[in-house]
>>> print(open('my_file.txt').read())   # compact mmCIF, C-alpha atoms
# COMPACT_ATOMS: atom_id res chain seq x y z
CA MET A 1 9.59 10.36 5.63
CA PRO A 2 7.31 8.23 3.45
CA GLN A 3 8.85 6.25 0.62
CA PRO A 4 8.17 7.55 -2.90
CA HIS A 5 4.94 6.29 -4.41
CA PRO A 6 5.26 3.78 -7.28
CA LEU A 7 4.84 6.55 -9.86
CA GLN A 8 6.42 9.41 -7.94
CA SER A 9 9.47 11.12 -9.39
CA THR A 10 12.84 10.30 -7.83
CA PRO A 11 16.41 11.51 -8.36
CA GLN A 12 17.70 10.41 -11.74
CA THR A 13 20.43 7.95 -10.79
CA PRO A 14 21.27 5.12 -13.16
CA VAL A 15 20.11 1.64 -12.25
CA VAL A 16 22.98 -0.77 -11.78
CA PRO A 17 21.91 -4.36 -12.47
CA ALA A 18 23.30 -5.61 -9.18
CA ASP A 19 20.89 -8.47 -8.54
CA ALA A 20 19.35 -11.34 -10.45
CA ARG A 21 15.93 -9.69 -10.65
CA LEU A 22 17.33 -6.56 -12.29
CA GLN A 23 19.39 -8.61 -14.69
CA ALA A 24 16.28 -10.59 -15.66
CA LEU A 25 14.30 -7.36 -16.03
CA HIS A 26 16.95 -5.86 -18.32
CA ALA A 27 16.89 -9.01 -20.45
CA TRP A 28 13.07 -9.00 -20.65
CA LEU A 29 12.89 -5.36 -21.69
CA ALA A 30 15.58 -5.95 -24.33
CA THR A 31 13.25 -8.44 -26.08
CA ALA A 32 10.74 -5.62 -26.78
CA PRO A 33 7.83 -7.51 -25.14
CA SER A 34 4.53 -7.09 -27.04
CA GLY A 35 6.46 -4.90 -29.49
CA MET A 36 7.24 -2.29 -26.83
CA GLN A 37 10.72 -0.98 -27.60
CA VAL A 38 12.26 0.87 -24.68
CA ASP A 39 15.67 2.35 -23.95
CA VAL A 40 16.86 -0.16 -21.36
CA ALA A 41 19.74 2.13 -20.38
CA SER A 42 17.19 4.76 -19.25
CA LEU A 43 15.71 2.51 -16.57
CA GLN A 44 15.38 4.50 -13.32
CA PRO A 45 13.95 3.58 -9.90
CA ALA A 46 10.45 4.89 -9.32
CA SER A 47 9.99 3.25 -5.91
CA SER A 48 9.52 0.21 -3.80
CA ASP A 49 6.45 -0.17 -1.60
CA ALA A 50 5.21 -2.07 1.43
CA SER A 51 5.27 -5.36 -0.45
CA PHE A 52 8.03 -7.10 -2.41
CA ARG A 53 7.11 -5.13 -5.55
CA ARG A 54 9.44 -2.54 -7.07
CA TYR A 55 8.69 0.01 -9.76
CA PHE A 56 10.88 1.60 -12.43
CA ARG A 57 10.39 4.29 -15.05
CA VAL A 58 11.87 3.71 -18.51
CA GLN A 59 11.86 5.82 -21.66
CA PHE A 60 10.51 4.53 -24.95
CA ALA A 61 13.17 4.02 -27.61
CA ALA A 62 13.42 6.62 -30.38
CA PRO A 63 11.49 7.73 -32.37
CA ALA A 64 8.74 7.18 -29.77
CA ALA A 65 8.45 9.74 -27.00
CA GLY A 66 7.50 9.46 -23.37
CA SER A 67 7.95 6.87 -20.68
CA CYS A 68 6.31 3.84 -19.15
CA ILE A 69 6.41 2.07 -15.81
CA VAL A 70 7.83 -1.38 -15.12
CA MET A 71 6.53 -3.43 -12.21
CA ASP A 72 8.88 -6.04 -10.77
CA ALA A 73 6.80 -8.50 -8.70
CA PRO A 74 9.07 -11.43 -7.83
CA PRO A 75 7.47 -14.87 -7.74
CA PRO A 76 6.69 -16.66 -5.48
CA GLN A 77 6.21 -13.69 -3.10
CA GLU A 78 4.01 -11.85 -5.59
CA ASN A 79 1.50 -12.94 -8.22
CA ILE A 80 0.74 -10.47 -10.99
CA ARG A 81 -2.41 -12.24 -12.21
CA PRO A 82 -4.75 -10.49 -9.72
CA PHE A 83 -3.30 -7.14 -10.80
CA LEU A 84 -3.95 -7.94 -14.46
CA GLN A 85 -7.46 -9.15 -13.69
CA VAL A 86 -8.50 -6.12 -11.66
CA ASP A 87 -6.77 -3.70 -14.05
CA ALA A 88 -8.86 -5.02 -16.94
CA LEU A 89 -12.02 -4.79 -14.81
CA LEU A 90 -11.36 -1.19 -13.80
CA ARG A 91 -10.43 0.01 -17.27
CA ALA A 92 -13.52 -1.62 -18.76
CA GLY A 93 -15.56 0.28 -16.14
CA GLY A 94 -14.15 3.68 -17.11
CA ILE A 95 -11.63 3.93 -14.26
CA SER A 96 -8.23 5.48 -15.02
CA ALA A 97 -6.10 2.47 -14.16
CA PRO A 98 -2.81 2.17 -16.07
CA GLN A 99 -2.88 0.36 -19.39
CA VAL A 100 -1.02 -2.95 -19.46
CA LEU A 101 1.42 -2.75 -22.38
CA ALA A 102 3.15 -6.09 -21.82
CA SER A 103 3.35 -8.72 -19.10
CA ASP A 104 5.17 -11.90 -18.16
CA ALA A 105 3.38 -13.75 -15.37
CA GLN A 106 6.08 -16.41 -15.08
CA GLN A 107 8.82 -13.86 -14.42
CA GLY A 108 6.60 -11.35 -12.61
CA PHE A 109 7.09 -8.34 -14.90
CA ILE A 110 4.50 -5.84 -16.18
CA LEU A 111 5.01 -2.87 -18.50
CA LEU A 112 2.43 -0.16 -17.77
CA SER A 113 1.40 3.21 -19.13
CA ASP A 114 2.81 6.08 -17.10
CA LEU A 115 0.20 8.04 -15.12
CA GLY A 116 2.68 10.75 -14.19
CA CYS A 117 4.64 11.78 -11.12
CA THR A 118 2.14 13.65 -8.94
CA THR A 119 0.17 11.75 -6.33
CA TYR A 120 -3.05 13.02 -4.83
CA LEU A 121 -1.14 13.33 -1.56
CA GLN A 122 1.26 15.83 -3.16
CA ALA A 123 -1.54 17.71 -4.92
CA LEU A 124 -3.72 17.93 -1.80
CA GLN A 125 -0.82 19.01 0.41
CA ALA A 126 0.16 21.74 -2.08
CA ALA A 127 -3.42 23.01 -2.41
CA ARG A 128 -3.96 23.05 1.33
CA ALA A 129 -0.63 24.82 1.95
CA ALA A 130 -1.76 27.49 -0.53
CA GLY A 131 -5.11 27.86 1.24
CA ASP A 132 -6.88 26.57 -1.87
CA MET A 133 -9.66 24.47 -0.33
CA PRO A 134 -11.79 24.65 -3.52
CA ARG A 135 -8.96 22.75 -5.24
CA CYS A 136 -8.95 20.17 -2.44
CA LEU A 137 -12.72 19.82 -2.79
CA ALA A 138 -12.49 19.35 -6.56
CA LEU A 139 -9.86 16.64 -6.20
CA MET A 140 -11.79 14.83 -3.48
CA LEU A 141 -15.05 14.98 -5.44
CA ASP A 142 -13.28 13.44 -8.42
CA ALA A 143 -11.98 10.70 -6.12
CA MET A 144 -15.46 10.09 -4.71
CA ASP A 145 -17.08 10.03 -8.15
CA THR A 146 -14.51 7.47 -9.26
CA LEU A 147 -15.11 5.44 -6.09
CA VAL A 148 -18.84 5.34 -6.81
CA ARG A 149 -18.15 4.05 -10.33
CA LEU A 150 -15.71 1.49 -8.96
CA GLN A 151 -18.18 0.22 -6.38
CA ALA A 152 -20.87 -0.21 -9.03
CA LEU A 153 -18.75 -2.62 -11.07
CA PRO A 154 -19.88 -6.27 -10.94
CA ALA A 155 -16.98 -8.49 -9.89
CA PRO A 156 -18.32 -11.86 -8.69
CA GLU A 157 -14.97 -13.50 -9.43
CA LEU A 158 -13.14 -11.52 -6.74
CA PRO A 159 -12.57 -13.09 -3.31
CA ALA A 160 -14.81 -12.16 -0.38
CA TYR A 161 -13.58 -9.82 2.32
CA ASP A 162 -15.06 -12.21 4.85
CA ALA A 163 -15.05 -12.31 8.64
CA THR A 164 -12.03 -14.61 8.74
CA ARG A 165 -9.92 -12.19 6.72
CA LEU A 166 -11.13 -9.15 8.66
CA ARG A 167 -10.42 -10.84 11.99
CA THR A 168 -6.94 -11.88 10.85
CA GLU A 169 -6.26 -8.22 10.07
CA LEU A 170 -7.49 -7.12 13.51
CA GLU A 171 -5.16 -9.58 15.20
CA LEU A 172 -2.22 -7.65 13.74
CA PHE A 173 -2.97 -4.93 16.31
CA PRO A 174 -2.31 -6.91 19.52
CA HIS A 175 0.54 -8.90 18.01
CA TRP A 176 2.58 -6.31 16.12
CA TYR A 177 1.55 -2.96 17.59
CA VAL A 178 0.89 -3.83 21.24
CA GLY A 179 3.29 -6.74 21.67
CA GLN A 180 6.15 -6.12 19.25
CA HIS A 181 6.11 -2.32 18.98
CA LEU A 182 5.09 -1.26 22.48
CA GLY A 183 6.47 -4.32 24.22
CA ALA A 184 3.27 -4.57 26.26
CA THR A 185 1.46 -7.64 27.53
CA LEU A 186 -2.32 -7.77 27.74
CA SER A 187 -4.01 -8.99 30.89
CA ALA A 188 -6.68 -11.68 30.64
CA ASP A 189 -9.36 -9.01 31.07
CA GLU A 190 -7.80 -6.83 28.36
CA GLN A 191 -7.59 -9.77 25.98
CA ALA A 192 -11.24 -10.61 26.60
CA GLY A 193 -12.27 -6.98 26.20
CA LEU A 194 -10.36 -6.64 22.95
CA GLN A 195 -11.99 -9.77 21.55
CA GLN A 196 -15.36 -8.32 22.54
CA VAL A 197 -14.55 -5.17 20.55
CA PHE A 198 -13.38 -7.26 17.59
CA GLY A 199 -16.64 -9.20 17.65
CA ALA A 200 -18.72 -6.02 17.61
CA LEU A 201 -16.69 -4.57 14.75
CA LEU A 202 -16.92 -7.74 12.66
CA ALA A 203 -20.68 -8.04 13.20
CA ASN A 204 -21.13 -4.50 11.92
CA ASN A 205 -18.66 -4.87 9.04
CA MET A 206 -20.20 -8.09 7.76
CA ALA A 207 -23.75 -6.70 7.99
CA GLN A 208 -22.89 -3.87 5.61
CA PRO A 209 -23.81 -4.11 1.90
CA GLN A 210 -21.06 -5.76 -0.13
CA VAL A 211 -19.44 -4.13 -3.18
CA LEU A 212 -16.10 -4.08 -4.99
CA VAL A 213 -13.45 -2.87 -2.51
CA HIS A 214 -10.09 -1.51 -3.66
CA ARG A 215 -8.64 -1.94 -0.11
CA ASP A 216 -6.10 0.91 -0.31
CA TYR A 217 -8.07 3.76 -1.86
CA HIS A 218 -6.09 6.70 -0.44
CA SER A 219 -3.99 9.67 -1.49
CA ARG A 220 -0.76 7.78 -2.20
CA ASN A 221 -2.50 5.39 -4.58
CA LEU A 222 -4.33 8.07 -6.56
CA MET A 223 -2.54 10.04 -9.27
CA LEU A 224 -3.14 13.56 -10.56
CA LEU A 225 -3.57 13.21 -14.32
CA ASP A 226 -2.96 15.67 -17.12
CA ALA A 227 -6.02 17.19 -18.77
CA GLY A 228 -7.60 14.67 -21.12
CA GLN A 229 -5.48 11.78 -19.88
CA GLU A 230 -7.27 8.43 -19.56
CA GLN A 231 -10.78 8.78 -18.07
CA GLY A 232 -9.83 11.79 -15.94
CA ASN A 233 -8.82 12.17 -12.30
CA PRO A 234 -7.76 10.28 -10.41
CA GLY A 235 -5.45 7.66 -11.83
CA VAL A 236 -5.90 4.57 -9.66
CA LEU A 237 -3.04 2.29 -8.57
CA ASP A 238 -2.29 -0.58 -6.17
CA PHE A 239 -5.59 -2.37 -6.69
CA GLN A 240 -4.31 -5.95 -6.94
CA ASP A 241 -5.81 -6.89 -3.55
CA ALA A 242 -9.37 -5.92 -4.53
CA VAL A 243 -12.16 -7.93 -2.93
CA ILE A 244 -15.91 -7.92 -2.44
CA GLY A 245 -16.55 -6.37 0.94
CA PRO A 246 -18.19 -3.65 3.08
CA ILE A 247 -19.34 -0.58 1.17
CA THR A 248 -17.80 1.92 3.61
CA TYR A 249 -14.28 0.47 3.53
CA ASP A 250 -12.78 2.51 0.69
CA LEU A 251 -14.46 5.71 1.83
CA ALA A 252 -12.86 5.25 5.26
CA SER A 253 -9.49 4.78 3.52
CA LEU A 254 -9.99 8.00 1.57
CA LEU A 255 -11.40 10.33 4.23
CA ARG A 256 -9.37 8.98 7.16
CA ASP A 257 -6.16 8.64 5.22
CA ALA A 258 -3.04 7.52 7.11
CA TYR A 259 -0.93 10.10 5.21
CA ILE A 260 -3.03 13.29 5.33
CA ALA A 261 -5.53 14.33 8.00
CA TRP A 262 -8.66 16.43 7.57
CA PRO A 263 -10.75 18.08 10.32
CA GLU A 264 -13.70 15.94 11.38
CA GLU A 265 -16.21 18.48 10.11
CA GLN A 266 -14.54 18.21 6.69
CA GLN A 267 -14.70 14.42 6.84
CA LEU A 268 -18.39 14.64 7.67
CA ASP A 269 -19.09 17.04 4.82
CA TRP A 270 -17.31 14.80 2.32
CA ALA A 271 -19.03 11.69 3.69
CA ILE A 272 -22.39 13.36 3.04
CA ARG A 273 -21.35 14.28 -0.48
CA TYR A 274 -20.27 10.67 -1.15
CA TRP A 275 -23.51 9.31 0.37
CA GLU A 276 -25.60 11.56 -1.89
CA ARG A 277 -23.67 10.40 -4.96
CA ALA A 278 -23.91 6.76 -3.93
CA ARG A 279 -27.68 6.99 -3.47
CA LYS A 280 -28.05 8.67 -6.87
CA ALA A 281 -26.05 5.81 -8.42
CA ALA A 282 -28.33 3.27 -6.68
CA LEU A 283 -25.50 1.86 -4.58
CA PRO A 284 -26.78 0.00 -1.49
CA VAL A 285 -25.97 2.63 1.13
CA ASP A 286 -28.35 2.96 4.07
CA ALA A 287 -31.13 5.48 3.48
CA ASP A 288 -30.48 6.93 6.95
CA PHE A 289 -27.22 8.89 6.84
CA SER A 290 -26.66 8.54 10.58
CA VAL A 291 -26.65 4.75 10.21
CA PHE A 292 -24.35 4.99 7.21
CA TYR A 293 -21.95 7.26 9.09
CA ARG A 294 -21.81 4.92 12.06
CA ASP A 295 -20.96 2.08 9.67
CA PHE A 296 -18.27 4.29 8.15
CA GLU A 297 -16.76 4.96 11.58
CA TRP A 298 -16.83 1.33 12.64
CA MET A 299 -15.28 0.20 9.37
CA GLY A 300 -12.65 2.88 9.76
CA LEU A 301 -11.79 1.60 13.24
CA GLN A 302 -11.27 -1.92 11.88
CA ARG A 303 -8.94 -0.52 9.24
CA HIS A 304 -6.99 1.69 11.63
CA LEU A 305 -6.37 -1.12 14.11
CA LYS A 306 -5.13 -3.20 11.19
CA VAL A 307 -2.91 -0.37 9.92
CA LEU A 308 -1.35 0.13 13.35
CA GLY A 309 -0.33 -3.52 13.21
CA ILE A 310 0.86 -3.35 9.62
CA PHE A 311 2.97 -0.22 10.10
CA ALA A 312 4.54 -1.73 13.21
CA ARG A 313 5.25 -4.94 11.29
CA LEU A 314 6.83 -3.01 8.42
CA TRP A 315 9.36 -1.65 10.89
CA HIS A 316 9.99 -4.60 13.18
CA ARG A 317 9.95 -7.30 10.50
CA ASP A 318 10.93 -5.47 7.31
CA GLY A 319 13.05 -2.58 8.60
CA LYS A 320 10.91 0.12 6.93
CA ALA A 321 11.13 2.83 9.57
CA GLN A 322 9.35 5.52 7.54
CA TYR A 323 5.95 4.03 8.36
CA LEU A 324 6.47 4.80 12.04
CA ASP A 325 5.97 8.49 11.21
CA HIS A 326 2.31 7.79 10.48
CA LEU A 327 1.44 5.82 13.61
CA PRO A 328 0.34 8.89 15.65
CA MET A 329 -2.22 9.94 13.04
CA VAL A 330 -3.67 6.45 12.74
CA LEU A 331 -3.79 6.10 16.51
CA ALA A 332 -5.62 9.43 16.77
CA TYR A 333 -8.27 8.16 14.35
CA ALA A 334 -8.71 4.98 16.40
CA ARG A 335 -8.98 6.87 19.69
CA ALA A 336 -11.52 9.36 18.32
CA THR A 337 -13.86 6.59 17.19
CA ALA A 338 -13.33 4.39 20.26
CA ALA A 339 -14.20 7.32 22.53
CA ARG A 340 -17.57 7.85 20.84
CA TYR A 341 -19.17 4.41 21.23
CA HIS A 342 -19.92 2.45 24.39
CA ASP A 343 -19.12 -0.81 22.57
CA PHE A 344 -15.48 0.23 22.38
CA ASN A 345 -14.93 1.05 26.06
CA PRO A 346 -12.54 -1.93 26.52
CA LEU A 347 -10.42 -0.68 23.63
CA MET A 348 -10.43 2.87 25.00
CA ARG A 349 -9.30 1.67 28.42
CA LEU A 350 -6.52 -0.34 26.79
CA LEU A 351 -5.34 2.60 24.67
CA ASP A 352 -5.38 4.85 27.72
CA ARG A 353 -3.28 2.38 29.66
CA LEU A 354 -0.80 1.89 26.80
CA GLN A 355 -0.39 5.63 26.33
CA GLY A 356 -0.43 6.55 30.01
CA VAL A 357 -3.56 8.68 29.54
CA GLN A 358 -5.85 9.39 32.47
CA PRO A 359 -9.36 8.19 31.47
CA ARG A 360 -11.88 10.95 30.86
CA THR A 361 -15.66 10.92 30.77
CA ALA A 362 -16.97 11.12 27.21
CA TYR A 363 -20.30 10.98 25.45
CA THR A 364 -21.11 7.70 23.74
CA PHE A 365 -23.73 6.64 21.24
>>> encode(input="my_file.txt", output="structure tokens")
Amino acid sequence: MPQPHPLQSTPQTPVVPADARLQALHAWLATAPSGMQVDVASLQPASSDASFRRYFRVQFAAPAAGSCIVMDAPPPQENIRPFLQVDALLRAGGISAPQVLASDAQQGFILLSDLGCTTYLQALQAARAAGDMPRCLALMLDAMDTLVRLQALPAPELPAYDATRLRTELELFPHWYVGQHLGATLSADEQAGLQQVFGALLANNMAQPQVLVHRDYHSRNLMLLDAGQEQGNPGVLDFQDAVIGPITYDLASLLRDAYIAWPEEQQLDWAIRYWERARKAALPVDADFSVFYRDFEWMGLQRHLKVLGIFARLWHRDGKAQYLDHLPMVLAYARATAARYHDFNPLMRLLDRLQGVQPRTAYTF
């Protein structure tokens, strides 16, 4: 099962300061940083995530009411400055990112406003289980409207999501998924074919218009907010790796989410709705939707090959087995796109061989 999201509710078990980081965190909170007085004894785990970061929920000290979130980002593995930078950028642009209440860059601690306990993943799963697709649509439209606003923000100071970085991500697939997870070895022809596919993907990705990219804009990083809270749904988290990159990247993360799958016709409908909103906002999407959708698919394939590698690495290197549960969905996304385009035939042949699938004739574009 997936780990709890950073702001997702967890069983209320007391935190025992059993390591140096927790002891330092207790001491920092006891100083009432930036005047924020909290009940240190109320500190509870909220979650860990795929990085070295951990999150805790803590109650404000009386007479204040409510709670806040503490991020523990241990140096030198983590640097909180990008988080603080992007948080300020998003909030200034009307995005419901958490408010920074206090921070200590040297120690790697941040005190944040609490955006609640319900992720978009939970809300969408509940609505779909109840057969309430209008609720799903409303949530997704809010997410797309927020994405359009996010992409319109000027952020020249952010790093570029350049070809070197994108290629490094793609190389996670043969190393961690194929080699480490499947224990397979690529032939010389398969290696050459895979590099050919990578080259085609990168050429397309880098030719796309460049905007602010969140890099993990999906249902576990979006929060369902109370009415009137912040700037409205969704609350946006986990944005510290934001870059300037291809305009379709975050939409691919949202519509082809590794944690919740939607029928392809639903993905297409939502992609059209995003495209219409993006054009109205004067974002640089292609005027031809068919070209835009192809870019969306190719960007999605880059991301899914990367995610296959990352999820495999999280298990084999970091011992986080829960991410293995999501490999089949991500692989299905990759296969569906690879089967549609002639450029990806070498990848399709490789996937067939790795999965023991008899190749089938398919239409390509």
>>> residues_around(input="my_file.txt", residues="Gln355 of chain A", least_positions_apart="5", cutoff="12 Å", atoms="only C-alpha atoms", output="PyMOL selection string")
chain A and resi 178+182+184+328+331-332+335+348-350
>>> write_last_selection(input="my_file.txt", atoms="C-alpha atoms", output="PDB file, in the coordinates of the input")
ATOM      1  CA  VAL A 178       0.890  -3.830  21.240  1.00  0.00           C
ATOM      2  CA  LEU A 182       5.090  -1.260  22.480  1.00  0.00           C
ATOM      3  CA  ALA A 184       3.270  -4.570  26.260  1.00  0.00           C
ATOM      4  CA  PRO A 328       0.340   8.890  15.650  1.00  0.00           C
ATOM      5  CA  LEU A 331      -3.790   6.100  16.510  1.00  0.00           C
ATOM      6  CA  ALA A 332      -5.620   9.430  16.770  1.00  0.00           C
ATOM      7  CA  ARG A 335      -8.980   6.870  19.690  1.00  0.00           C
ATOM      8  CA  MET A 348     -10.430   2.870  25.000  1.00  0.00           C
ATOM      9  CA  ARG A 349      -9.300   1.670  28.420  1.00  0.00           C
ATOM     10  CA  LEU A 350      -6.520  -0.340  26.790  1.00  0.00           C
TER      11      LEU A 350
END
>>> residues_around(input="my_file.txt", residues="Gln229 of chain A", least_positions_apart="2", cutoff="12 Å", atoms="all atoms listed in the file", output="short mmCIF file (atom, residue, chain, number, x, y, z; two decimals) with C-alpha atoms, in the coordinates of the input")
data_model
loop_
_atom_site.label_atom_id
_atom_site.label_comp_id
_atom_site.auth_asym_id
_atom_site.auth_seq_id
_atom_site.Cartn_x
_atom_site.Cartn_y
_atom_site.Cartn_z
CA ILE A 95 -11.63 3.93 -14.26
CA SER A 96 -8.23 5.48 -15.02
CA ALA A 97 -6.10 2.47 -14.16
CA PRO A 98 -2.81 2.17 -16.07
CA GLN A 99 -2.88 0.36 -19.39
CA SER A 113 1.40 3.21 -19.13
CA ASP A 114 2.81 6.08 -17.10
CA LEU A 115 0.20 8.04 -15.12
CA GLY A 116 2.68 10.75 -14.19
CA MET A 223 -2.54 10.04 -9.27
CA LEU A 224 -3.14 13.56 -10.56
CA LEU A 225 -3.57 13.21 -14.32
CA ASP A 226 -2.96 15.67 -17.12
CA ALA A 227 -6.02 17.19 -18.77
CA GLN A 231 -10.78 8.78 -18.07
CA GLY A 232 -9.83 11.79 -15.94
CA ASN A 233 -8.82 12.17 -12.30
CA PRO A 234 -7.76 10.28 -10.41
CA GLY A 235 -5.45 7.66 -11.83
#
>>> residues_around(input="my_file.txt", residues="Phe239 of chain A", least_positions_apart="3", cutoff="12 Å", atoms="all atoms listed in the file", output="PyMOL selection string")
chain A and resi 80-91+95-98+150+158+212-218+221-222+235-236+242-243+250
>>> atom_distance(input="my_file.txt", atom1="atom CA of Ala339 of chain A", atom2="atom CA of Tyr161 of chain A")
26.5 Å
>>> closest_residue(input="my_file.txt", among="A:Tyr333, A:Ala105, A:Val40, A:Asn204", to="Val291 of chain A", atoms="only C-alpha atoms")
A:Asn204
>>> closest_residue(input="my_file.txt", among="A:Pro359, A:Gly300, A:Pro75, A:Pro209", to="Ile244 of chain A", atoms="all atoms listed in the file")
A:Pro209
>>> atom_distance(input="my_file.txt", atom1="atom CA of Leu324 of chain A", atom2="atom CA of Met133 of chain A")
28.3 Å
>>> atom_distance(input="my_file.txt", atom1="atom CA of Gln196 of chain A", atom2="atom CA of Pro346 of chain A")
8.0 Å
>>> residues_around(input="my_file.txt", residues="Asp286 of chain A", least_positions_apart="6", cutoff="9 Å", atoms="only C-alpha atoms", output="ChimeraX atom specification")
/A:208-209,275,279,292
>>> closest_residue(input="my_file.txt", among="A:Ser219, A:Gln240, A:Asn345, A:Ser51", to="Met144 of chain A", atoms="all atoms listed in the file")
A:Ser219
>>> closest_residue(input="my_file.txt", among="A:Cys136, A:Trp176, A:Arg21, A:Ile247", to="His316 of chain A", atoms="all atoms listed in the file")
A:Trp176
